[in-house]
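Novice: The structure file run-v1.tsv (TSV, N, CA and C atoms) is provided below.
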```tsv
chain	number	residue	atom	x	y	z
A	15	LEU	N	129.25	89.66	95.21
A	15	LEU	CA	128.50	90.26	94.12
A	15	LEU	C	127.11	90.69	94.60
A	16	LEU	N	126.46	89.83	95.37
A	16	LEU	CA	125.13	90.17	95.86
A	16	LEU	C	125.17	91.43	96.72
A	17	GLU	N	126.17	91.54	97.58
A	17	GLU	CA	126.27	92.73	98.42
A	17	GLU	C	126.50	93.99	97.59
A	18	ALA	N	127.26	93.88	96.51
A	18	ALA	CA	127.48	95.03	95.62
A	18	ALA	C	126.17	95.43	94.94
A	19	LEU	N	125.39	94.46	94.49
A	19	LEU	CA	124.09	94.75	93.88
A	19	LEU	C	123.14	95.38	94.90
A	20	GLU	N	123.18	94.88	96.14
A	20	GLU	CA	122.33	95.45	97.18
A	20	GLU	C	122.73	96.90	97.49
A	21	ARG	N	124.03	97.16	97.57
A	21	ARG	CA	124.49	98.53	97.81
A	21	ARG	C	124.04	99.45	96.68
A	22	ASN	N	124.10	98.95	95.46
A	22	ASN	CA	123.68	99.75	94.32
A	22	ASN	C	122.18	100.06	94.41
A	23	TYR	N	121.38	99.07	94.78
A	23	TYR	CA	119.94	99.30	94.95
A	23	TYR	C	119.71	100.36	96.02
A	24	ASP	N	120.42	100.25	97.14
A	24	ASP	CA	120.26	101.22	98.22
A	24	ASP	C	120.68	102.63	97.78
A	25	ASP	N	121.76	102.72	96.98
A	25	ASP	CA	122.20	104.01	96.46
A	25	ASP	C	121.15	104.62	95.54
A	26	VAL	N	120.58	103.80	94.68
A	26	VAL	CA	119.53	104.28	93.78
A	26	VAL	C	118.33	104.74	94.60
A	27	ALA	N	117.96	103.98	95.62
A	27	ALA	CA	116.82	104.34	96.46
A	27	ALA	C	117.07	105.67	97.16
A	28	ARG	N	118.27	105.84	97.72
A	28	ARG	CA	118.59	107.09	98.40
A	28	ARG	C	118.55	108.28	97.44
A	29	SER	N	119.09	108.09	96.25
A	29	SER	CA	119.13	109.21	95.32
A	29	SER	C	117.73	109.55	94.79
A	30	LEU	N	116.87	108.56	94.64
A	30	LEU	CA	115.51	108.84	94.14
A	30	LEU	C	114.60	109.43	95.21
A	31	THR	N	114.83	109.08	96.45
A	31	THR	CA	113.98	109.59	97.52
A	31	THR	C	114.51	110.88	98.11
A	32	GLY	N	115.73	111.26	97.72
A	32	GLY	CA	116.31	112.49	98.22
A	32	GLY	C	116.87	112.36	99.62
A	33	SER	N	116.97	111.14	100.15
A	33	SER	CA	117.47	110.97	101.52
A	33	SER	C	118.98	111.06	101.61
A	34	ASP	N	119.64	111.29	100.47
A	34	ASP	CA	121.10	111.46	100.50
A	34	ASP	C	121.48	112.93	100.36
A	35	GLY	N	120.49	113.83	100.51
A	35	GLY	CA	120.77	115.25	100.43
A	35	GLY	C	120.57	115.83	99.04
A	36	THR	N	120.28	115.01	98.05
A	36	THR	CA	120.04	115.50	96.70
A	36	THR	C	118.55	115.59	96.46
A	37	SER	N	118.21	116.24	95.39
A	37	SER	CA	116.81	116.35	95.01
A	37	SER	C	116.30	115.02	94.50
A	38	ALA	N	115.06	114.71	94.85
A	38	ALA	CA	114.47	113.45	94.40
A	38	ALA	C	114.24	113.44	92.89
A	39	VAL	N	114.26	114.63	92.26
A	39	VAL	CA	114.01	114.72	90.83
A	39	VAL	C	115.26	114.39	90.02
A	40	GLN	N	116.44	114.59	90.61
A	40	GLN	CA	117.68	114.32	89.89
A	40	GLN	C	117.79	112.85	89.51
A	41	GLN	N	118.32	112.61	88.33
A	41	GLN	CA	118.57	111.24	87.91
A	41	GLN	C	119.78	110.71	88.66
A	42	PRO	N	119.71	109.51	89.16
A	42	PRO	CA	120.87	108.97	89.86
A	42	PRO	C	122.02	108.71	88.89
A	43	LYS	N	123.23	108.80	89.42
A	43	LYS	CA	124.41	108.52	88.62
A	43	LYS	C	124.81	107.06	88.76
A	44	HIS	N	124.00	106.29	89.44
A	44	HIS	CA	124.30	104.89	89.70
A	44	HIS	C	123.76	104.00	88.59
A	45	SER	N	124.37	102.89	88.45
A	45	SER	CA	123.86	101.89	87.52
A	45	SER	C	122.51	101.40	88.02
A	46	ARG	N	121.68	100.99	87.14
A	46	ARG	CA	120.38	100.45	87.52
A	46	ARG	C	120.45	98.93	87.71
A	47	LEU	N	121.66	98.39	87.74
A	47	LEU	CA	121.84	96.96	87.95
A	47	LEU	C	121.60	96.66	89.42
A	48	VAL	N	120.52	95.96	89.71
A	48	VAL	CA	120.13	95.65	91.08
A	48	VAL	C	119.85	94.15	91.20
A	49	PRO	N	119.83	93.63	92.42
A	49	PRO	CA	119.59	92.20	92.57
A	49	PRO	C	118.16	91.83	92.21
A	50	ASN	N	117.99	90.60	91.78
A	50	ASN	CA	116.64	90.07	91.58
A	50	ASN	C	116.50	88.80	92.41
A	51	ALA	N	115.34	88.19	92.39
A	51	ALA	CA	115.10	87.00	93.21
A	51	ALA	C	116.06	85.88	92.85
A	52	VAL	N	116.38	85.76	91.58
A	52	VAL	CA	117.31	84.71	91.14
A	52	VAL	C	118.69	84.92	91.76
A	53	SER	N	119.12	86.18	91.87
A	53	SER	CA	120.42	86.49	92.49
A	53	SER	C	120.46	85.95	93.93
A	54	TYR	N	119.42	86.26	94.67
A	54	TYR	CA	119.36	85.80	96.06
A	54	TYR	C	119.31	84.27	96.12
A	55	ASN	N	118.46	83.67	95.30
A	55	ASN	CA	118.31	82.22	95.34
A	55	ASN	C	119.61	81.52	94.96
A	56	LEU	N	120.31	82.06	93.98
A	56	LEU	CA	121.58	81.46	93.56
A	56	LEU	C	122.63	81.55	94.66
A	57	VAL	N	122.69	82.69	95.32
A	57	VAL	CA	123.66	82.85	96.41
A	57	VAL	C	123.32	81.89	97.56
A	58	LEU	N	122.05	81.77	97.90
A	58	LEU	CA	121.65	80.85	98.97
A	58	LEU	C	121.96	79.40	98.60
A	59	HIS	N	121.71	79.03	97.35
A	59	HIS	CA	122.01	77.67	96.89
A	59	HIS	C	123.51	77.41	96.96
A	60	THR	N	124.30	78.36	96.49
A	60	THR	CA	125.75	78.22	96.50
A	60	THR	C	126.27	78.14	97.93
A	61	LEU	N	125.70	78.94	98.80
A	61	LEU	CA	126.09	78.92	100.20
A	61	LEU	C	125.82	77.55	100.83
A	62	ALA	N	124.68	76.95	100.49
A	62	ALA	CA	124.33	75.63	101.03
A	62	ALA	C	125.35	74.57	100.63
A	63	HIS	N	125.93	74.72	99.46
A	63	HIS	CA	126.88	73.73	98.94
A	63	HIS	C	128.34	74.16	99.09
A	64	SER	N	128.58	75.22	99.86
A	64	SER	CA	129.92	75.78	99.95
A	64	SER	C	130.84	74.98	100.87
A	65	GLY	N	130.28	74.23	101.79
A	65	GLY	CA	131.11	73.49	102.74
A	65	GLY	C	131.76	74.39	103.78
A	66	LYS	N	131.22	75.58	103.98
A	66	LYS	CA	131.80	76.53	104.93
A	66	LYS	C	131.52	76.15	106.38
A	67	GLY	N	130.64	75.21	106.60
A	67	GLY	CA	130.39	74.76	107.96
A	67	GLY	C	129.37	75.58	108.71
A	68	HIS	N	129.63	75.74	110.00
A	68	HIS	CA	128.65	76.30	110.92
A	68	HIS	C	128.23	77.73	110.62
A	69	GLN	N	129.10	78.52	110.02
A	69	GLN	CA	128.77	79.93	109.77
A	69	GLN	C	127.72	80.09	108.67
A	70	VAL	N	127.46	79.05	107.91
A	70	VAL	CA	126.51	79.13	106.79
A	70	VAL	C	125.10	79.47	107.28
A	71	ALA	N	124.70	78.92	108.42
A	71	ALA	CA	123.35	79.17	108.92
A	71	ALA	C	123.13	80.66	109.17
A	72	GLY	N	124.08	81.30	109.82
A	72	GLY	CA	123.97	82.73	110.09
A	72	GLY	C	124.00	83.56	108.82
A	73	GLU	N	124.86	83.18	107.88
A	73	GLU	CA	124.94	83.92	106.61
A	73	GLU	C	123.64	83.79	105.82
A	74	ALA	N	123.07	82.60	105.80
A	74	ALA	CA	121.80	82.40	105.07
A	74	ALA	C	120.69	83.24	105.68
A	75	MET	N	120.62	83.28	107.02
A	75	MET	CA	119.59	84.09	107.67
A	75	MET	C	119.84	85.58	107.41
A	76	ALA	N	121.09	85.99	107.39
A	76	ALA	CA	121.39	87.41	107.13
A	76	ALA	C	120.94	87.81	105.73
A	77	ILE	N	121.15	86.94	104.76
A	77	ILE	CA	120.73	87.22	103.38
A	77	ILE	C	119.21	87.31	103.31
A	78	LEU	N	118.52	86.35	103.92
A	78	LEU	CA	117.05	86.37	103.91
A	78	LEU	C	116.54	87.63	104.61
A	79	ASN	N	117.13	87.98	105.74
A	79	ASN	CA	116.68	89.16	106.48
A	79	ASN	C	116.91	90.44	105.68
A	80	ARG	N	118.04	90.55	104.98
A	80	ARG	CA	118.28	91.74	104.15
A	80	ARG	C	117.23	91.84	103.04
A	81	MET	N	116.90	90.71	102.44
A	81	MET	CA	115.91	90.70	101.36
A	81	MET	C	114.54	91.15	101.90
A	82	LEU	N	114.13	90.58	103.02
A	82	LEU	CA	112.84	90.94	103.61
A	82	LEU	C	112.82	92.39	104.08
A	83	ASP	N	113.92	92.85	104.67
A	83	ASP	CA	113.98	94.24	105.14
A	83	ASP	C	113.83	95.23	103.99
A	84	ARG	N	114.48	94.94	102.86
A	84	ARG	CA	114.34	95.83	101.69
A	84	ARG	C	112.89	95.86	101.21
A	85	CYS	N	112.24	94.72	101.19
A	85	CYS	CA	110.84	94.67	100.76
A	85	CYS	C	109.96	95.48	101.70
A	86	GLU	N	110.18	95.31	103.00
A	86	GLU	CA	109.38	96.04	103.97
A	86	GLU	C	109.61	97.54	103.89
A	87	LYS	N	110.85	97.97	103.71
A	87	LYS	CA	111.15	99.39	103.56
A	87	LYS	C	110.51	99.96	102.31
A	88	TYR	N	110.50	99.19	101.23
A	88	TYR	CA	109.88	99.65	99.99
A	88	TYR	C	108.38	99.85	100.18
A	89	ILE	N	107.75	98.91	100.87
A	89	ILE	CA	106.30	99.01	101.11
A	89	ILE	C	105.99	100.26	101.93
A	90	VAL	N	106.79	100.52	102.97
A	90	VAL	CA	106.59	101.71	103.79
A	90	VAL	C	106.81	102.96	102.96
A	91	LEU	N	107.86	102.98	102.14
A	91	LEU	CA	108.15	104.13	101.29
A	91	LEU	C	107.00	104.39	100.32
A	92	LYS	N	106.52	103.34	99.71
A	92	LYS	CA	105.45	103.47	98.72
A	92	LYS	C	104.16	103.97	99.39
A	93	ASP	N	103.87	103.46	100.59
A	93	ASP	CA	102.66	103.86	101.30
A	93	ASP	C	102.73	105.29	101.83
A	94	SER	N	103.93	105.75	102.21
A	94	SER	CA	104.06	107.05	102.83
A	94	SER	C	104.60	108.13	101.90
A	95	SER	N	104.97	107.79	100.69
A	95	SER	CA	105.60	108.75	99.80
A	95	SER	C	104.58	109.74	99.24
A	96	SER	N	104.94	111.02	99.37
A	96	SER	CA	104.10	112.07	98.76
A	96	SER	C	104.61	112.40	97.37
A	97	ASP	N	105.81	111.93	97.04
A	97	ASP	CA	106.42	112.18	95.74
A	97	ASP	C	106.17	110.99	94.83
A	98	GLU	N	105.23	111.11	93.93
A	98	GLU	CA	104.88	110.01	93.01
A	98	GLU	C	106.07	109.56	92.19
A	99	ASN	N	106.90	110.52	91.74
A	99	ASN	CA	108.04	110.18	90.89
A	99	ASN	C	109.03	109.28	91.60
A	100	ALA	N	109.30	109.56	92.89
A	100	ALA	CA	110.29	108.78	93.63
A	100	ALA	C	109.79	107.36	93.85
A	101	SER	N	108.52	107.20	94.20
A	101	SER	CA	108.02	105.86	94.51
A	101	SER	C	107.82	105.02	93.25
A	102	THR	N	107.56	105.66	92.12
A	102	THR	CA	107.37	104.88	90.90
A	102	THR	C	108.68	104.64	90.16
A	103	ALA	N	109.68	105.51	90.35
A	103	ALA	CA	110.96	105.36	89.66
A	103	ALA	C	111.81	104.27	90.29
A	104	LEU	N	111.66	104.07	91.57
A	104	LEU	CA	112.43	103.04	92.26
A	104	LEU	C	111.84	101.68	91.97
A	105	PRO	N	112.63	100.79	91.39
A	105	PRO	CA	112.09	99.45	91.13
A	105	PRO	C	111.86	98.72	92.44
A	106	PRO	N	110.79	97.96	92.53
A	106	PRO	CA	110.56	97.22	93.77
A	106	PRO	C	111.66	96.19	93.97
A	107	PRO	N	112.07	95.98	95.21
A	107	PRO	CA	113.08	94.95	95.45
A	107	PRO	C	112.48	93.57	95.21
A	108	PRO	N	113.31	92.59	94.96
A	108	PRO	CA	112.77	91.25	94.74
A	108	PRO	C	112.14	90.70	96.01
A	109	GLU	N	111.00	90.07	95.83
A	109	GLU	CA	110.32	89.45	96.97
A	109	GLU	C	110.77	88.00	97.10
A	110	PRO	N	110.91	87.53	98.33
A	110	PRO	CA	111.28	86.13	98.50
A	110	PRO	C	110.16	85.22	98.02
A	111	SER	N	110.55	84.11	97.45
A	111	SER	CA	109.59	83.13	96.97
A	111	SER	C	109.74	81.85	97.78
A	112	VAL	N	108.97	80.86	97.44
A	112	VAL	CA	109.10	79.55	98.08
A	112	VAL	C	110.52	79.03	97.90
A	113	ILE	N	111.10	79.27	96.74
A	113	ILE	CA	112.46	78.83	96.47
A	113	ILE	C	113.44	79.52	97.41
A	114	THR	N	113.23	80.81	97.66
A	114	THR	CA	114.11	81.55	98.56
A	114	THR	C	114.08	80.97	99.97
A	115	PHE	N	112.88	80.75	100.48
A	115	PHE	CA	112.76	80.21	101.83
A	115	PHE	C	113.30	78.78	101.90
A	116	ASN	N	113.02	77.96	100.89
A	116	ASN	CA	113.54	76.59	100.87
A	116	ASN	C	115.07	76.59	100.77
A	117	SER	N	115.63	77.48	99.97
A	117	SER	CA	117.09	77.56	99.85
A	117	SER	C	117.72	77.98	101.17
A	118	THR	N	117.06	78.90	101.87
A	118	THR	CA	117.55	79.32	103.18
A	118	THR	C	117.53	78.14	104.15
A	119	LEU	N	116.42	77.43	104.19
A	119	LEU	CA	116.31	76.27	105.08
A	119	LEU	C	117.32	75.18	104.70
A	120	HIS	N	117.55	74.99	103.42
A	120	HIS	CA	118.52	74.00	102.96
A	120	HIS	C	119.93	74.38	103.42
A	121	ALA	N	120.28	75.65	103.28
A	121	ALA	CA	121.60	76.11	103.72
A	121	ALA	C	121.76	75.92	105.23
A	122	ILE	N	120.72	76.23	105.98
A	122	ILE	CA	120.76	76.07	107.43
A	122	ILE	C	120.93	74.59	107.79
A	123	ALA	N	120.17	73.74	107.14
A	123	ALA	CA	120.23	72.30	107.44
A	123	ALA	C	121.60	71.72	107.12
A	124	LYS	N	122.19	72.16	106.03
A	124	LYS	CA	123.50	71.62	105.63
A	124	LYS	C	124.66	72.21	106.42
A	125	SER	N	124.39	73.27	107.19
A	125	SER	CA	125.48	73.93	107.91
A	125	SER	C	126.06	73.08	109.02
A	126	GLY	N	125.24	72.24	109.62
A	126	GLY	CA	125.71	71.44	110.74
A	126	GLY	C	125.87	72.24	112.02
A	127	ALA	N	125.38	73.46	112.04
A	127	ALA	CA	125.49	74.30	113.23
A	127	ALA	C	124.63	73.73	114.36
A	128	GLN	N	125.12	73.86	115.59
A	128	GLN	CA	124.38	73.35	116.73
A	128	GLN	C	123.04	74.06	116.90
A	129	ASP	N	123.00	75.33	116.55
A	129	ASP	CA	121.77	76.10	116.68
A	129	ASP	C	121.00	76.20	115.37
A	130	ALA	N	121.23	75.27	114.47
A	130	ALA	CA	120.55	75.27	113.17
A	130	ALA	C	119.03	75.20	113.33
A	131	GLY	N	118.58	74.48	114.33
A	131	GLY	CA	117.14	74.38	114.57
A	131	GLY	C	116.52	75.73	114.88
A	132	TYR	N	117.24	76.54	115.65
A	132	TYR	CA	116.73	77.88	115.98
A	132	TYR	C	116.70	78.77	114.73
A	133	TYR	N	117.75	78.67	113.93
A	133	TYR	CA	117.78	79.43	112.68
A	133	TYR	C	116.63	78.99	111.76
A	134	ALA	N	116.42	77.68	111.67
A	134	ALA	CA	115.35	77.17	110.80
A	134	ALA	C	113.98	77.63	111.29
A	135	GLU	N	113.79	77.62	112.60
A	135	GLU	CA	112.52	78.08	113.16
A	135	GLU	C	112.32	79.57	112.87
A	136	ASP	N	113.38	80.34	113.00
A	136	ASP	CA	113.31	81.77	112.70
A	136	ASP	C	112.97	82.00	111.23
A	137	ALA	N	113.61	81.24	110.34
A	137	ALA	CA	113.31	81.36	108.91
A	137	ALA	C	111.86	81.00	108.62
A	138	PHE	N	111.39	79.95	109.26
A	138	PHE	CA	110.00	79.53	109.05
A	138	PHE	C	109.02	80.59	109.56
A	139	LEU	N	109.32	81.19	110.71
A	139	LEU	CA	108.46	82.25	111.25
A	139	LEU	C	108.46	83.47	110.34
A	140	ARG	N	109.63	83.82	109.81
A	140	ARG	CA	109.70	84.94	108.87
A	140	ARG	C	108.86	84.65	107.63
A	141	MET	N	108.91	83.39	107.16
A	141	MET	CA	108.12	82.99	106.00
A	141	MET	C	106.63	83.14	106.31
A	142	GLU	N	106.20	82.68	107.47
A	142	GLU	CA	104.79	82.80	107.84
A	142	GLU	C	104.36	84.26	107.90
A	143	GLU	N	105.19	85.10	108.53
A	143	GLU	CA	104.88	86.53	108.62
A	143	GLU	C	104.76	87.16	107.23
A	144	TRP	N	105.70	86.81	106.38
A	144	TRP	CA	105.72	87.39	105.03
A	144	TRP	C	104.48	86.99	104.25
A	145	THR	N	104.11	85.73	104.32
A	145	THR	CA	102.96	85.27	103.54
A	145	THR	C	101.66	85.82	104.09
A	146	LYS	N	101.59	86.08	105.40
A	146	LYS	CA	100.39	86.68	105.99
A	146	LYS	C	100.21	88.12	105.55
A	147	GLU	N	101.35	88.83	105.40
A	147	GLU	CA	101.31	90.24	104.99
A	147	GLU	C	100.95	90.39	103.53
A	148	ARG	N	101.20	89.39	102.74
A	148	ARG	CA	100.97	89.48	101.29
A	148	ARG	C	99.58	89.23	100.96
```
Mind converting the file's structure to structure tokens?
Specialist:
Amino acid sequence: LLEALERNYDDVARSLTGSDGTSAVQQPKHSRLVPNAVSYNLVLHTLAHSGKGHQVAGEAMAILNRMLDRCEKYIVLKDSSSDENASTALPPPPEPSVITFNSTLHAIAKSGAQDAGYYAEDAFLRMEEWTKER
């Protein structure tokens, strides 16, 4: 479900910015149903308790990285956009919160993966980078 919401957000972004070959003024034909921070946090929490084992650490980091990448792309778009309508019509993607980072770390810790420490360190570094930029 989260991936479907993310694809929908990306489709809306492409149609509003005109990067899909259409005019940025055209209204998108996509639903405006997009992920929010609660969506991400719920998926991370569920992943931590899924019992999927070692692959959970990588999946949790992938989810966190997708969330952060969308935020960073939005910031770049907003800063560089000459089209006021496109940058204001696109809703900002959800920003990770303390709950998001803690849920990611919890999923990594519960995964039992041998390289969980490296994943946790990467998540912590991403958190530090994100909070410094804000």
Novice: Counting all atoms listed in the file, which of A:Ser53, A:Thr60, A:Met81, A:Ala27 gets nearest to A:Pro105?
Specialist: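 Of the candidates, the smallest distance to A:Pro105 is held by A:Ala27.
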Novice: Considering all atoms listed in the file, state which residue in the set A:Lys92, A:His59, A:Arg84, A:Arg21 is at the smallest distance from A:Pro107.
Specialist: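 Among A:Lys92, A:His59, A:Arg84, A:Arg21, it is A:Arg84 that comes nearest to A:Pro107.
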Novice: What gap, in Å, lies between atom N of A:Ser111 and atom N of A:Ser64?
Specialist: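 Straight-line distance from atom N of A:Ser111 to atom N of A:Ser64 works out to 20.2 Å.
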Novice: For a quick check of understanding, using only C-alpha atoms, which of A:Gly72, A:Pro49, A:Leu104, A:Thr31 has the smallest distance to A:Gly131?
Specialist: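 Using only C-alpha atoms, A:Gly131 sits closest to A:Gly72.
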Novice: Need to verify the contact set: A:Tyr133, 8 Å, all atoms listed in the file, exclusion of same-chain residues closer than 6 positions in sequence. Can you return it as a PyMOL selection string?
Specialist: chain A and resi 71-72+75+118-119+122-123+139
Novice: Please indicate the distance in Å from atom CA of A:Ser125 to atom CA of A:Glu73, rounded to one decimal place.
Specialist: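 Here the two named atoms are 10.1 Å from each other.
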Novice: Identify all residues of chain A in helix (DSSP H, G or I) (DSSP on the backbone) and supply them as an MDAnalysis selection string.
Specialist: chainID A and resid 16:31 51:62 69:94 98:103 112:125 130:147
Novice: Restricting the calculation to only C-alpha atoms: of A:Asp93, A:Glu147, A:His68, A:Arg140, which residue gets closest to A:Gln128?
Specialist: A:His68
Novice: Nearest residue to A:Asp136 out of A:Ala74, A:Cys85, A:Val112, A:Val48, using only C-alpha atoms?
Specialist: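 Nearest candidate to A:Asp136 out of A:Ala74, A:Cys85, A:Val112, A:Val48: A:Ala74.
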Novice: Taking only N, CA and C atoms into account, name the residue in A:Val26, A:Ala76, A:Val70, A:Ile113 that is nearest to A:Asn55.
Specialist: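 Smallest distance to A:Asn55 is found for A:Ile113.
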Novice: In Å to one decimal, how far is atom C of A:Arg28 from atom N of A:Leu16?
Specialist: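 Interatomic distance, atom N of A:Leu16 to atom C of A:Arg28: 20.2 Å.
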